[in-house]
Amino acid sequence: MGNLIKAEFRKTLSLNTWWVLLIPLVAVSFGLTFVWGKITNDFVGFIGSDTARDLARPLGLNPDAFPVGLLAIAHGVNIAQLVPALFGIFALAGEYRSKTITTTFLTAPNRISALTAKMLTYIVWGALYGLVSFGVAALATLASVDSERLPTGPQWLAALGGTVLASILVTLFGIGFGAVLRNVTLAVVLLLVWFLIIENVLVIATWNLTSVLGGILPNGTANGIVGGIAADAFGINTLNLPGGVDRWSQLGLQLAAGAPGVFSWWASALIFFGWTMVFFAFGWAGNQRRDIT
């Protein structure tokens, strides 16, 4: 297994994909975090003084001391995590396109070993992308948010852990998604269209009827890991929302955390892990039967 993992790293490092994708990762994570930090720095003005008081009272906080840096980080890393998802698509679907999948399977004892080595390798890559994403988001937060509104020490650590966890899971999701479709272009287009457009339209269009979709669909639950940490800190997750907040105010507040409909960070992590395993299992099973000649 060790040799297979080394081979996977060599294969990945021999291509430009890993560092080319770092460019949009850094740009999106820094840029969106900085912009959202500037927008929400005056959080009371952003949501209104009455709503701010309603949120601050049960938390025992001064409305001017909300850790809005968490909102900025959540927005930046949530969009940036599409990059490791795309990287995951290239992991297996890219090998079918380049025909290197034949060599990969033939040089391994069996396909299970080859796919396991790939999974372990890309867990490491997902963690590295998560660390980079959080690092630049943290810098953007420090540059855009007033010091009294920055996260506390434990909140910084929670956001770091959530970003790394989300990045690992979306990388594995990308592998499974690409393995099911086996077509890089189709997988990339469908993933971006679903995550950026279709699911968001569905969540907002059905919001007056239910907020559940945002808490159970893939994009919402992926965003809900770090977004849920921010929502928990503000008391605005769906399980802990103040009674005076109406449904549409709930949407606005949870959009501020980058995760409309979020239940909590841990529930989002578990549900998205389930989505990841569904696609990974279908991709894994399909690749046991496919002809590679």
# chains A, B, ... in the order shown; residues from 1 in each chain; ligands from 1
>>> residues_around(residues="range 145-156 of chain A", least_positions_apart="2", cutoff="8 Å", atoms="only C-alpha atoms", output="PyMOL selection string")
chain A and resi 37-38+41+64-70+141-143+158-160
>>> closest_residue(among="A:Ala127, A:Arg247, A:Phe272, A:Gly178", to="Leu209 in chain A", atoms="only C-alpha atoms")
A:Arg247
>>> residues_around(residues="range 168-175 of chain A", least_positions_apart="5", cutoff="9 Å", atoms="only C-alpha atoms", output="PyMOL selection string")
chain A and resi 81-93+119+122-130+163+180+187-188+191+222+269+272-273+275-280+283
>>> write_last_selection(atoms="C-alpha atoms", output="PDB file, in the first residue's frame")
ATOM      1  CA  GLN A  81     -13.888  24.494  -1.329  1.00  0.00           C
ATOM      2  CA  LEU A  82     -15.200  23.977  -4.857  1.00  0.00           C
ATOM      3  CA  VAL A  83     -11.534  23.884  -5.876  1.00  0.00           C
ATOM      4  CA  PRO A  84     -10.617  20.678  -3.979  1.00  0.00           C
ATOM      5  CA  ALA A  85     -13.901  19.203  -5.232  1.00  0.00           C
ATOM      6  CA  LEU A  86     -12.710  19.823  -8.804  1.00  0.00           C
ATOM      7  CA  PHE A  87      -9.297  18.424  -7.892  1.00  0.00           C
ATOM      8  CA  GLY A  88     -11.052  15.270  -6.701  1.00  0.00           C
ATOM      9  CA  ILE A  89     -12.879  14.944 -10.021  1.00  0.00           C
ATOM     10  CA  PHE A  90      -9.547  14.899 -11.847  1.00  0.00           C
ATOM     11  CA  ALA A  91      -8.257  12.168  -9.531  1.00  0.00           C
ATOM     12  CA  LEU A  92     -10.122   9.322 -11.223  1.00  0.00           C
ATOM     13  CA  ALA A  93     -12.164  10.759 -14.088  1.00  0.00           C
ATOM     14  CA  MET A 119      -8.470   7.798  -1.475  1.00  0.00           C
ATOM     15  CA  TYR A 122      -6.387  12.645  -1.759  1.00  0.00           C
ATOM     16  CA  ILE A 123      -7.335  12.879   1.902  1.00  0.00           C
ATOM     17  CA  VAL A 124      -3.876  14.388   2.380  1.00  0.00           C
ATOM     18  CA  TRP A 125      -4.340  16.693  -0.612  1.00  0.00           C
ATOM     19  CA  GLY A 126      -7.748  17.761   0.682  1.00  0.00           C
ATOM     20  CA  ALA A 127      -6.246  18.608   4.071  1.00  0.00           C
ATOM     21  CA  LEU A 128      -3.472  20.648   2.418  1.00  0.00           C
ATOM     22  CA  TYR A 129      -5.980  22.606   0.335  1.00  0.00           C
ATOM     23  CA  GLY A 130      -8.007  23.214   3.480  1.00  0.00           C
ATOM     24  CA  THR A 163     -12.228  24.080   6.922  1.00  0.00           C
ATOM     25  CA  VAL A 180     -19.581   7.754 -11.351  1.00  0.00           C
ATOM     26  CA  ALA A 187     -18.550  16.137 -14.031  1.00  0.00           C
ATOM     27  CA  VAL A 188     -17.018  19.615 -13.653  1.00  0.00           C
ATOM     28  CA  LEU A 191     -20.888  19.972 -10.091  1.00  0.00           C
ATOM     29  CA  ALA A 222     -20.807  21.144   2.675  1.00  0.00           C
ATOM     30  CA  ALA A 269     -20.646  17.250   8.564  1.00  0.00           C
ATOM     31  CA  PHE A 272     -22.374  15.620   3.853  1.00  0.00           C
ATOM     32  CA  PHE A 273     -20.245  12.632   4.860  1.00  0.00           C
ATOM     33  CA  TRP A 275     -23.517  12.202   0.507  1.00  0.00           C
ATOM     34  CA  THR A 276     -19.786  11.676   0.022  1.00  0.00           C
ATOM     35  CA  MET A 277     -20.015   7.987   0.852  1.00  0.00           C
ATOM     36  CA  VAL A 278     -22.999   7.499  -1.469  1.00  0.00           C
ATOM     37  CA  PHE A 279     -21.098   8.833  -4.498  1.00  0.00           C
ATOM     38  CA  PHE A 280     -17.857   7.210  -3.388  1.00  0.00           C
ATOM     39  CA  GLY A 283     -17.982   5.114  -8.014  1.00  0.00           C
TER      40      GLY A 283
END
>>> select_by_dssp(residues="range 10-246 of chain A", states="helix (DSSP H, G or I)", output="JSON, numbers by chain")
{"A": [10, 11, 12, 13, 17, 18, 19, 20, 22, 23, 24, 25, 26, 27, 28, 29, 30, 31, 32, 33, 34, 35, 36, 37, 38, 39, 40, 43, 44, 45, 46, 47, 49, 50, 51, 52, 53, 54, 55, 56, 57, 58, 59, 63, 64, 65, 69, 70, 71, 72, 73, 74, 75, 76, 77, 78, 79, 80, 82, 83, 84, 85, 86, 87, 88, 89, 90, 91, 92, 93, 94, 95, 96, 97, 98, 101, 102, 103, 104, 105, 106, 111, 112, 113, 114, 115, 116, 117, 118, 119, 120, 121, 122, 123, 124, 125, 126, 127, 128, 129, 130, 131, 132, 133, 134, 135, 136, 137, 138, 139, 140, 141, 142, 143, 144, 147, 148, 149, 153, 154, 155, 156, 157, 158, 159, 160, 161, 162, 163, 164, 165, 166, 167, 168, 169, 170, 171, 172, 173, 174, 175, 176, 177, 178, 179, 180, 181, 184, 185, 186, 187, 188, 189, 190, 191, 192, 193, 194, 195, 196, 197, 198, 199, 200, 201, 202, 203, 204, 205, 213, 214, 215, 216, 218, 219, 220, 221, 222, 223, 224, 225, 226, 227, 228, 229, 230, 231, 232, 233, 234, 238, 239, 240]}
>>> closest_residue(among="A:Ile271, A:Leu115, A:Gly214, A:Asn208", to="Ser249 in chain A", atoms="only C-alpha atoms")
A:Asn208
>>> closest_residue(among="A:Glu199, A:Thr238, A:Gly94, A:Ala74", to="Thr17 in chain A", atoms="only C-alpha atoms")
A:Gly94
>>> residues_around(residues="Gly220 in chain A", least_positions_apart="4", cutoff="9 Å", atoms="only C-alpha atoms", output="mmCIF file with N, CA and C atoms, in the first residue's frame")
data_model
loop_
_atom_site.group_PDB
_atom_site.id
_atom_site.type_symbol
_atom_site.label_atom_id
_atom_site.label_comp_id
_atom_site.auth_asym_id
_atom_site.auth_seq_id
_atom_site.Cartn_x
_atom_site.Cartn_y
_atom_site.Cartn_z
ATOM 1 N N PHE A 195 -23.857 23.115 -7.528
ATOM 2 C CA PHE A 195 -23.420 23.753 -6.288
ATOM 3 C C PHE A 195 -23.624 25.268 -6.311
ATOM 4 N N GLU A 199 -28.952 24.234 -6.765
ATOM 5 C CA GLU A 199 -29.339 23.999 -5.370
ATOM 6 C C GLU A 199 -29.694 25.300 -4.655
ATOM 7 N N ASN A 200 -28.950 26.357 -4.909
ATOM 8 C CA ASN A 200 -29.253 27.641 -4.273
ATOM 9 C C ASN A 200 -30.623 28.168 -4.690
ATOM 10 N N VAL A 203 -33.280 26.072 -2.846
ATOM 11 C CA VAL A 203 -33.375 26.409 -1.422
ATOM 12 C C VAL A 203 -34.163 27.704 -1.227
ATOM 13 N N LEU A 213 -34.353 21.898 2.955
ATOM 14 C CA LEU A 213 -33.486 21.576 1.824
ATOM 15 C C LEU A 213 -32.060 22.089 2.036
ATOM 16 N N GLY A 214 -31.941 23.303 2.570
ATOM 17 C CA GLY A 214 -30.613 23.857 2.785
ATOM 18 C C GLY A 214 -29.800 23.086 3.791
ATOM 19 N N GLY A 215 -30.485 22.309 4.635
ATOM 20 C CA GLY A 215 -29.772 21.551 5.659
ATOM 21 C C GLY A 215 -29.498 20.118 5.293
ATOM 22 N N ILE A 216 -29.964 19.662 4.105
ATOM 23 C CA ILE A 216 -29.772 18.251 3.766
ATOM 24 C C ILE A 216 -29.157 18.015 2.388
ATOM 25 N N GLY A 224 -22.378 24.028 5.343
ATOM 26 C CA GLY A 224 -22.816 24.066 6.725
ATOM 27 C C GLY A 224 -21.780 23.640 7.740
ATOM 28 N N ILE A 225 -20.664 23.095 7.297
ATOM 29 C CA ILE A 225 -19.630 22.681 8.249
ATOM 30 C C ILE A 225 -18.976 23.917 8.860
ATOM 31 N N GLY A 258 -23.271 32.002 5.353
ATOM 32 C CA GLY A 258 -22.944 31.178 4.191
ATOM 33 C C GLY A 258 -23.598 29.822 4.183
ATOM 34 N N ALA A 259 -24.648 29.633 5.008
ATOM 35 C CA ALA A 259 -25.235 28.301 5.109
ATOM 36 C C ALA A 259 -26.722 28.369 5.428
ATOM 37 N N PRO A 260 -27.569 28.760 4.462
ATOM 38 C CA PRO A 260 -29.010 28.818 4.729
ATOM 39 C C PRO A 260 -29.583 27.442 5.050
ATOM 40 N N GLY A 261 -30.372 27.365 6.118
ATOM 41 C CA GLY A 261 -30.987 26.106 6.508
ATOM 42 C C GLY A 261 -30.122 25.233 7.398
ATOM 43 N N VAL A 262 -28.939 25.713 7.769
ATOM 44 C CA VAL A 262 -27.999 24.887 8.519
ATOM 45 C C VAL A 262 -28.585 24.491 9.873
ATOM 46 N N SER A 268 -24.290 19.006 9.758
ATOM 47 C CA SER A 268 -23.894 19.214 8.359
ATOM 48 C C SER A 268 -22.764 18.281 7.966
ATOM 49 N N PHE A 272 -23.205 15.559 5.055
ATOM 50 C CA PHE A 272 -22.374 15.620 3.853
ATOM 51 C C PHE A 272 -21.455 14.404 3.756
#
>>> closest_residue(among="A:Lys6, A:Lys118, A:Arg97, A:Arg53", to="Leu186 in chain A", atoms="only C-alpha atoms")
A:Arg97
>>> closest_residue(among="A:Leu139, A:Leu71, A:Leu251, A:Leu190", to="Gly228 in chain A", atoms="only C-alpha atoms")
A:Leu71
>>> closest_residue(among="A:Ala256, A:Thr12, A:Asp42, A:Leu131", to="Ala72 in chain A", atoms="only C-alpha atoms")
A:Ala256
